[in-house]
Amino acid sequence: MASSSSTSLPLHICHGNKLTTIINRSHAVLHSIAISFLIYYRTSFLFHQPTPIIIPWLLLFTSELILSFIWFLGRAYIWRPVYRTVFPERLPNDDKLPAIDVFICTTGPDKEPTIGVMNTLLSAMALDYPPDKLHVYLSDDGGYAITLHAMRESWSFARWWLPFCRRFGIKTRCPEAYFSRTENRDSDSENPHNFMVEREKIKEQYVLFKERVRRAGEESKFKDKGVYTASDHPSCIEVMEENSKEGLLEDQIIEMPLLVYVSREKRTSQFHHFKAGAVNVLLRVSAMLSNSPYILMLDCDMYCNDPTSARQAMCFHFDPEMSPSLAFVQFPQAFRDIRENDIYDSEVRSAYTILWPGLDGLKGPVLSGTNFYIKREALCCHSIRKDIDLRELKDSFGPSNEFINSLRQDYKKPNLNDNGEASNMLLEEAKVLASCSYEDHTKWGKEVGFLYDSVAEDFLTGFVMQCKGWISAYVAPSSSSRPQFLGTSTTNLNDLLTQGIRWGSGLVDVALSRFSPLFYGSSRTSFLHSMGFAELSLFPLLYCLPLWCFATIPPLYLLNGIPLYPEVSDPYFSVFLFIFLSSLSKHLHEVVVTGRPIRKWMNEQRIWMIKSVTCHLYGSLDAILKKFDLRKASFLTTNKVADDEQFKLYREGKFDFRASTIFVAPLVTVMLVNLASIVGGVYRIMFMGADWRKMFGQVLLSFYIILMNYVVIEGMVLRKDKGRIPLYVNVLSIVFSLIFLSLGSIIISI
C-alpha cells in the first residue's frame, strides 16, 4: 500500500510481513483445535468425577475457558499487522506546515523532578519545526512556585540552547541527555574547534541553569507553604516573554516558540478528573492563545529524542486520502534506562512491537497517553456549522463566546505579540477557561475533550474516537534510526506494581462502563478492532482470576494426592501439553522475532505471573468497587525520582523486594504453596505408592511456577542485600500458606 502526496512520491508507505501473518494464522487455527478438544474433554467427563473433585474441576474448567476467551480476543493483533515508513524530506516547504501545540503535564516536583520536566520542555521547544508554528504549554497541576520559576529559567536558557542546536545540527536536543554523552558524534558541524568552544560555553550555561533551579527549589519549600496548596489554588497563566538580549551574539535574531505556563484552578470541593481534566483545560487555554490544528502530547519525563518527529507525523496528516479521517499518529514509548536484562519488563515490548502494529492493520492503535500528534478537531468537535444555535453550543462547550468562536473554520488566529488590550483580554479569558467550575453543566469529559469515565482517559478517548469513524496510525523507528521519544521507566518492583494497579483499574473501568468494547464497539467499528480493544480492557481482570486458580488449586490437590488432569497415557493429556507448549513457544517466537534474547521471554513470563496475582487483582477490585460507588476514583502518579540503590539492583538483574507487603506477601505465599505441593506430591509418589502418571500434570505445573519465579526463592533465603524479602513478610506468608493448605486439606477430606 502507498499513499500519494501532491507529488508523485509518497510521504509514507505501509507494508506487512506475509510469512509472519501465515505463521500467526496457522498457529491460531491449530491452537483453536486443541482448545476445542480440551473443552470437549472437560464437559464430557465433568459429571463422571467423584463429588470431592467436581468443584476444583469446575474451577479449573472455568479458568481454562477464561484464558481461552482472552486468547481468542488477542488474535486480533496478529491477524494483519502492518509497519510504516515515512519520508519527511518529501514534505512541502516550512511555510505550508501547520502549527502545533505541545502539551506537557506535571503534578509536582516530589515525584516528577523539576529539572527532568524542564529538559522535556526544552527538547520540545527545540523540535525541528518552524519556531513561529510551535507553541509549548506546561500544565502544573499543583501550582508550585518552583515549576513557574523553572519555566522562566528555561526560557532564558533556551535563548542559548536553541541557536546552538540549529547552528550545529544537534540531534539530541534534551540538554541533560546531550551533555551526559561521552562522545560528541551528535553534530553536523564542519568546524570541530568552533563546535567544541561553543559546546563548552553552552554547557556552562546549562550548569548555571540547573543550579538556579536547584536553589529556587530549596527556597520554594518554604514559599509553597502558604495560603494555597496543590489541591486548592487559583488559576495562573503566564506567557514567557524575552525581557533582555544579554549574552546574545550581535546581529543574531533568535526565533523562539511560544512558551506558556498553565495552572488550572483547583478547589477541594470540586472533583478535578486528574490528567484528563488538566488536558481539557490546556485544550481550552491553547485555543485562546494559539489554537493550532495539531497537538503533541508528552509525559513530563518523555523528551523529544528525534527532532524530526513532528515532520514524521505530518507525513500522514498531509496525505489527502488519509488525513480527513486521521485523528492521531502514535509513536512508541522507549526508555533510556532499560538494561538488556530487563527483569521488570519495563520496556513493555509486546505492546509496542506486537499489539500496536496489529491494531494499526485494522483501524489504528490505542491512544497511549504520550508521544502522539493529534488533530484538535478530533478532540473538540471542530468545524461547527454556522446554523447551530448558540445556546446549544454553550451547553456543550461552556459559556465562553471566545472559545466557541475558536471552533469555527473562519476563526482568525490570535496574535499574542500585541502586548496591548487584546493580548490582556485573551489571557483573562484563558483564566476563566481554566477555572474549576467552567465545565459544570457542559459536555466536557462526556462528549468533548478527554473523557472522564476512566483513569485510563487516553485509552477510552482514543477508542470512542475510532468508534465515531476516526482512524489512527502507528510509526515505530527502524532498527537503524533513533527512537522519536525517550523517557524513564520503572526500575523497582514497588513502582512497577503501583503503576500496574492504576493501569489495571483504568482498563477495567472501561470494560465495565457504557463504552465497553465488547458491546459499544461491536456495532461501531470492525469486529477484529473491537476484539483488540476488548482484550486490552479485560486482560487485568481475566488474567488474575485464572492465574490465582492455577497457582493454588492444582498444588493443593497434588499435596492431597488427587489428580485433576488426565494421566500421561491418556490421549487427552497430549491436548493439555500441546496447549501449554503452544502458548509458550508462540510467546518465545514473538520475543525472538522482535530481536530480543531468550532471557527476555523468561522475564516476561515471570512479570506476567507476578502482575496477575498482585496489581491486576487489586486494579480489578478497585474498578469493581468504583463501579458500585464503594470507593472514590484516585490517581497514583508514577514515581520518576531516580534512586541510585534501586537502580543498582536493577542493573545487576536483582529484584528489589522492598515493596508493599500487599505485593510481596502473595508472591511468597504462592511459592510456598507450590514448594509444599511439589515436596508432598513427590513424597507420595516415591514412598506412598501414588501413581506418578496421574499426578504428572500437576507436578509439571507447580515446577513451571517455581522455575519461572525462582527470584522469589532467592529473595526469601539466599540474598543478604537490602533488596531481599524482609523476614516479617516470610513469616506472614508462611502463616498464610499453612492456613490455606490446612483448611484446603480439611475441606477435601470432608
# chains A, B, ... in the order shown; residues from 1 in each chain; ligands from 1
$ select_by_dssp --residues "stretch 196-352 of chain A" --states "alpha helix (DSSP H)" --output "PyMOL selection string"
chain A and resi 196-223+274-289+309-317+349-350
$ write_last_selection --atoms "C-alpha atoms" --output "compact mmCIF listing (two decimals), in the first residue's frame"
# COMPACT_ATOMS: atom_id res chain seq x y z
CA MET A 196 33.77 22.42 20.94
CA VAL A 197 34.27 26.03 22.07
CA GLU A 198 30.56 26.73 21.66
CA ARG A 199 29.63 23.44 23.31
CA GLU A 200 31.64 24.24 26.44
CA LYS A 201 30.03 27.68 26.59
CA ILE A 202 26.53 26.18 26.39
CA LYS A 203 27.46 23.51 28.95
CA GLU A 204 28.48 26.24 31.40
CA GLN A 205 25.13 27.94 30.86
CA TYR A 206 23.33 24.64 31.45
CA VAL A 207 25.20 24.05 34.73
CA LEU A 208 24.24 27.56 35.87
CA PHE A 209 20.64 26.95 34.78
CA LYS A 210 20.43 23.76 36.87
CA GLU A 211 21.98 25.49 39.86
CA ARG A 212 19.46 28.33 39.69
CA VAL A 213 16.59 25.86 39.51
CA ARG A 214 18.04 23.84 42.41
CA ARG A 215 18.35 26.90 44.61
CA ALA A 216 14.86 28.01 43.71
CA GLY A 217 13.61 24.55 44.65
CA GLU A 218 15.15 24.81 48.10
CA GLU A 219 13.67 28.26 48.62
CA SER A 220 10.24 27.19 47.35
CA LYS A 221 9.99 24.55 50.09
CA PHE A 222 9.22 27.44 52.39
CA LYS A 223 7.42 29.71 49.93
CA PHE A 274 -6.79 14.03 37.22
CA LYS A 275 -4.78 14.19 33.96
CA ALA A 276 -7.87 14.22 31.72
CA GLY A 277 -9.13 17.36 33.46
CA ALA A 278 -5.74 19.05 33.12
CA VAL A 279 -5.53 18.26 29.40
CA ASN A 280 -9.04 19.59 28.78
CA VAL A 281 -8.02 22.87 30.42
CA LEU A 282 -4.99 23.01 28.11
CA LEU A 283 -7.30 22.44 25.14
CA ARG A 284 -9.37 25.48 26.07
CA VAL A 285 -6.49 27.75 27.10
CA SER A 286 -4.44 26.96 24.00
CA ALA A 287 -7.48 27.72 21.82
CA MET A 288 -7.32 31.29 23.12
CA LEU A 289 -3.56 31.76 22.74
CA SER A 309 9.10 13.58 14.89
CA ALA A 310 6.71 16.45 14.04
CA ARG A 311 7.61 16.19 10.36
CA GLN A 312 7.20 12.40 10.50
CA ALA A 313 3.67 12.86 11.85
CA MET A 314 2.87 15.40 9.15
CA CYS A 315 3.65 12.74 6.53
CA PHE A 316 0.27 11.25 7.46
CA HIS A 317 -1.64 14.45 8.12
CA ARG A 349 7.82 -4.93 24.46
CA SER A 350 4.63 -6.74 23.49
$ residues_around --residues "A:Asp232" --least-positions-apart "6" --cutoff "8 Å" --atoms "only C-alpha atoms" --output "PyMOL selection string"
chain A and resi 265-268
$ residues_around --residues "A:Arg724" --least-positions-apart "3" --cutoff "12 Å" --atoms "only C-alpha atoms" --output "VMD selection string"
chain A and resid 493 646 649 654 to 659 664 668 711 to 721 727 to 730
$ closest_atom_pairs --of "stretch 400-479 of chain A" --to "stretch 519-522 of chain A" --cutoff "10 Å" --atoms "only C-alpha atoms" --output "Markdown table"
| residue | atom | partner | partner_atom | distance |
| --- | --- | --- | --- | --- |
| A:Phe463 | CA | A:Gly521 | CA | 8.2 |
| A:Val464 | CA | A:Gly521 | CA | 8.3 |
| A:Gln466 | CA | A:Gly521 | CA | 9.0 |
| A:Cys467 | CA | A:Gly521 | CA | 6.3 |
| A:Lys468 | CA | A:Gly521 | CA | 9.8 |
$ write_last_selection --atoms "N, CA and C atoms" --output "tab-separated table (two decimals), in the first residue's frame"
chain	number	residue	atom	x	y	z
A	463	PHE	N	-10.46	5.13	21.87
A	463	PHE	CA	-11.42	4.11	21.43
A	463	PHE	C	-12.73	4.75	20.96
A	464	VAL	N	-13.25	5.71	21.73
A	464	VAL	CA	-14.51	6.36	21.35
A	464	VAL	C	-14.32	7.14	20.04
A	466	GLN	N	-12.38	6.32	17.57
A	466	GLN	CA	-12.39	5.36	16.47
A	466	GLN	C	-13.77	4.78	16.24
A	467	CYS	N	-14.57	4.71	17.28
A	467	CYS	CA	-15.96	4.28	17.10
A	467	CYS	C	-16.78	5.34	16.36
A	468	LYS	N	-16.33	6.59	16.39
A	468	LYS	CA	-17.01	7.67	15.67
A	468	LYS	C	-16.54	7.78	14.22
$ atom_distance --atom1 "atom CA of A:Ser235" --atom2 "atom CA of A:Ser263"
5.4 Å
$ closest_residue --among "A:Ser26, A:Thr62, A:Thr669, A:Ser290" --to "A:Val735" --atoms "only C-alpha atoms"
A:Thr669
$ atom_distance --atom1 "atom CA of A:Gly462" --atom2 "atom CA of A:Val366"
6.1 Å
$ closest_residue --among "A:Ser156, A:Ser44, A:Gln698, A:Ser737" --to "A:Asn560" --atoms "only C-alpha atoms"
A:Gln698
$ closest_residue --among "A:Leu38, A:Leu460, A:Leu617, A:Leu486" --to "A:Arg336" --atoms "only C-alpha atoms"
A:Leu486
$ residues_around --residues "A:Ser537" --least-positions-apart "2" --cutoff "9 Å" --atoms "only C-alpha atoms" --output "PyMOL selection string"
chain A and resi 459+504+506-512+516-517+532-535+539-541
$ residues_around --residues "A:Thr43" --least-positions-apart "2" --cutoff "12 Å" --atoms "only C-alpha atoms" --output "JSON list (two decimals) with N, CA, C and O atoms, in the first residue's frame"
[["chain", "number", "residue", "atom", "x", "y", "z"],
["A", 36, "SER", "N", -10.61, -26.73, 21.48],
["A", 36, "SER", "CA", -11.90, -27.42, 21.28],
["A", 36, "SER", "C", -11.86, -28.81, 21.89],
["A", 36, "SER", "O", -12.83, -29.25, 22.55],
["A", 37, "PHE", "N", -10.74, -29.52, 21.72],
["A", 37, "PHE", "CA", -10.60, -30.84, 22.34],
["A", 37, "PHE", "C", -10.60, -30.74, 23.86],
["A", 37, "PHE", "O", -11.18, -31.59, 24.56],
["A", 38, "LEU", "N", -9.94, -29.70, 24.40],
["A", 38, "LEU", "CA", -9.92, -29.52, 25.85],
["A", 38, "LEU", "C", -11.33, -29.31, 26.38],
["A", 38, "LEU", "O", -11.73, -29.91, 27.40],
["A", 39, "ILE", "N", -12.10, -28.44, 25.71],
["A", 39, "ILE", "CA", -13.47, -28.17, 26.16],
["A", 39, "ILE", "C", -14.31, -29.44, 26.08],
["A", 39, "ILE", "O", -15.12, -29.73, 26.99],
["A", 40, "TYR", "N", -14.12, -30.21, 25.02],
["A", 40, "TYR", "CA", -14.86, -31.47, 24.88],
["A", 40, "TYR", "C", -14.53, -32.42, 26.03],
["A", 40, "TYR", "O", -15.41, -33.06, 26.61],
["A", 41, "TYR", "N", -13.24, -32.52, 26.36],
["A", 41, "TYR", "CA", -12.81, -33.41, 27.44],
["A", 41, "TYR", "C", -13.43, -32.98, 28.77],
["A", 41, "TYR", "O", -13.98, -33.81, 29.51],
["A", 45, "PHE", "N", -16.37, -35.34, 30.74],
["A", 45, "PHE", "CA", -16.03, -36.08, 31.95],
["A", 45, "PHE", "C", -16.41, -35.34, 33.23],
["A", 45, "PHE", "O", -16.08, -35.79, 34.32],
["A", 46, "LEU", "N", -17.10, -34.20, 33.07],
["A", 46, "LEU", "CA", -17.41, -33.38, 34.24],
["A", 46, "LEU", "C", -18.22, -34.15, 35.28],
["A", 46, "LEU", "O", -17.89, -34.16, 36.47],
["A", 47, "PHE", "N", -19.29, -34.82, 34.86],
["A", 47, "PHE", "CA", -20.18, -35.47, 35.81],
["A", 47, "PHE", "C", -19.79, -36.92, 36.09],
["A", 47, "PHE", "O", -20.52, -37.64, 36.76],
["A", 48, "HIS", "N", -18.63, -37.32, 35.55],
["A", 48, "HIS", "CA", -18.12, -38.64, 35.86],
["A", 48, "HIS", "C", -17.09, -38.61, 36.99],
["A", 48, "HIS", "O", -16.51, -39.63, 37.34],
["A", 49, "GLN", "N", -16.86, -37.42, 37.53],
["A", 49, "GLN", "CA", -15.86, -37.27, 38.58],
["A", 49, "GLN", "C", -16.49, -37.52, 39.96],
["A", 49, "GLN", "O", -17.67, -37.28, 40.17],
["A", 54, "ILE", "N", -15.52, -32.35, 41.86],
["A", 54, "ILE", "CA", -16.35, -31.56, 40.94],
["A", 54, "ILE", "C", -16.06, -30.07, 41.06],
["A", 54, "ILE", "O", -15.91, -29.36, 40.06],
["A", 57, "TRP", "N", -12.61, -29.20, 39.70],
["A", 57, "TRP", "CA", -12.70, -29.46, 38.26],
["A", 57, "TRP", "C", -13.41, -28.29, 37.57],
["A", 57, "TRP", "O", -12.97, -27.80, 36.54],
["A", 58, "LEU", "N", -14.52, -27.81, 38.17],
["A", 58, "LEU", "CA", -15.25, -26.68, 37.61],
["A", 58, "LEU", "C", -14.42, -25.40, 37.65],
["A", 58, "LEU", "O", -14.44, -24.60, 36.71],
["A", 60, "LEU", "N", -11.13, -25.17, 37.56],
["A", 60, "LEU", "CA", -10.10, -25.27, 36.53],
["A", 60, "LEU", "C", -10.71, -25.08, 35.14],
["A", 60, "LEU", "O", -10.13, -24.39, 34.29],
["A", 61, "PHE", "N", -11.85, -25.68, 34.92],
["A", 61, "PHE", "CA", -12.51, -25.56, 33.61],
["A", 61, "PHE", "C", -12.89, -24.11, 33.34],
["A", 61, "PHE", "O", -12.69, -23.59, 32.23],
["A", 62, "THR", "N", -13.42, -23.43, 34.36],
["A", 62, "THR", "CA", -13.77, -22.02, 34.20],
["A", 62, "THR", "C", -12.53, -21.18, 33.89],
["A", 62, "THR", "O", -12.55, -20.30, 33.01],
["A", 65, "LEU", "N", -11.50, -21.78, 30.34],
["A", 65, "LEU", "CA", -12.39, -21.07, 29.41],
["A", 65, "LEU", "C", -12.07, -19.57, 29.37],
["A", 65, "LEU", "O", -12.07, -18.95, 28.30]]
$ atom_distance --atom1 "atom CA of A:His193" --atom2 "atom CA of A:Lys171"
18.7 Å
$ select_by_dssp --residues "stretch 230-413 of chain A" --states "strand (DSSP E)" --output "PyMOL selection string"
chain A and resi 236-239+258-263+294-299+303-304+326-330+334-335+372-375
$ write_last_selection --atoms "C-alpha atoms" --output "tab-separated table (two decimals), in the first residue's frame"
chain	number	residue	atom	x	y	z
A	236	CYS	CA	-2.46	31.02	36.88
A	237	ILE	CA	-1.43	31.53	33.25
A	238	GLU	CA	1.81	33.16	32.23
A	239	VAL	CA	3.26	33.65	28.75
A	258	LEU	CA	5.60	30.37	22.35
A	259	LEU	CA	6.04	29.09	25.92
A	260	VAL	CA	3.08	29.16	28.32
A	261	TYR	CA	2.72	28.14	31.96
A	262	VAL	CA	-0.77	26.93	32.92
A	263	SER	CA	-2.01	26.01	36.37
A	294	TYR	CA	-2.46	19.76	15.77
A	295	ILE	CA	-1.35	18.86	19.28
A	296	LEU	CA	1.65	16.88	20.54
A	297	MET	CA	1.04	15.24	23.92
A	298	LEU	CA	4.05	14.41	26.11
A	299	ASP	CA	4.57	12.93	29.56
A	303	TYR	CA	11.68	14.03	25.93
A	304	CYS	CA	11.90	14.50	22.16
A	326	LEU	CA	-6.99	10.60	10.66
A	327	ALA	CA	-7.29	11.53	14.35
A	328	PHE	CA	-3.75	10.93	15.58
A	329	VAL	CA	-0.33	9.48	14.84
A	330	GLN	CA	1.04	7.41	17.70
A	334	ALA	CA	11.15	3.99	24.51
A	335	PHE	CA	13.23	4.24	27.66
A	372	PHE	CA	1.14	11.27	19.79
A	373	TYR	CA	0.26	14.08	17.38
A	374	ILE	CA	-3.50	14.51	17.46
A	375	LYS	CA	-5.86	16.66	15.45
$ closest_residue --among "A:His12, A:Lys600, A:Arg693, A:Lys431" --to "A:Ser346" --atoms "only C-alpha atoms"
A:Lys600
$ residues_around --residues "A:Pro365" --least-positions-apart "6" --cutoff "9 Å" --atoms "only C-alpha atoms" --output "PDB file with C-alpha atoms, in the first residue's frame"
ATOM      1  CA  VAL A 329      -0.332   9.483  14.835  1.00  0.00           C
ATOM      2  CA  GLN A 330       1.042   7.412  17.704  1.00  0.00           C
ATOM      3  CA  LEU A 355      -0.211  -5.149  19.796  1.00  0.00           C
ATOM      4  CA  TRP A 356       0.049  -1.671  18.278  1.00  0.00           C
ATOM      5  CA  PRO A 357       1.213  -2.842  14.792  1.00  0.00           C
ATOM      6  CA  GLY A 358      -1.600  -5.393  14.921  1.00  0.00           C
ATOM      7  CA  LEU A 359      -4.224  -2.743  15.651  1.00  0.00           C
ATOM      8  CA  GLY A 462      -8.991   7.018  21.546  1.00  0.00           C
ATOM      9  CA  ILE A 471      -8.602   6.282  12.353  1.00  0.00           C
ATOM     10  CA  SER A 472      -5.033   6.403  13.649  1.00  0.00           C
ATOM     11  CA  ALA A 473      -1.538   5.384  12.548  1.00  0.00           C
ATOM     12  CA  TYR A 474       1.451   3.915  14.364  1.00  0.00           C
TER      13      TYR A 474
END
$ closest_residue --among "A:Leu558, A:Val117, A:Leu528, A:Leu127" --to "A:Lys694" --atoms "only C-alpha atoms"
A:Leu558
$ closest_residue --among "A:Ile750, A:Leu545, A:Leu675, A:Ile404" --to "A:Leu433" --atoms "only C-alpha atoms"
A:Ile404
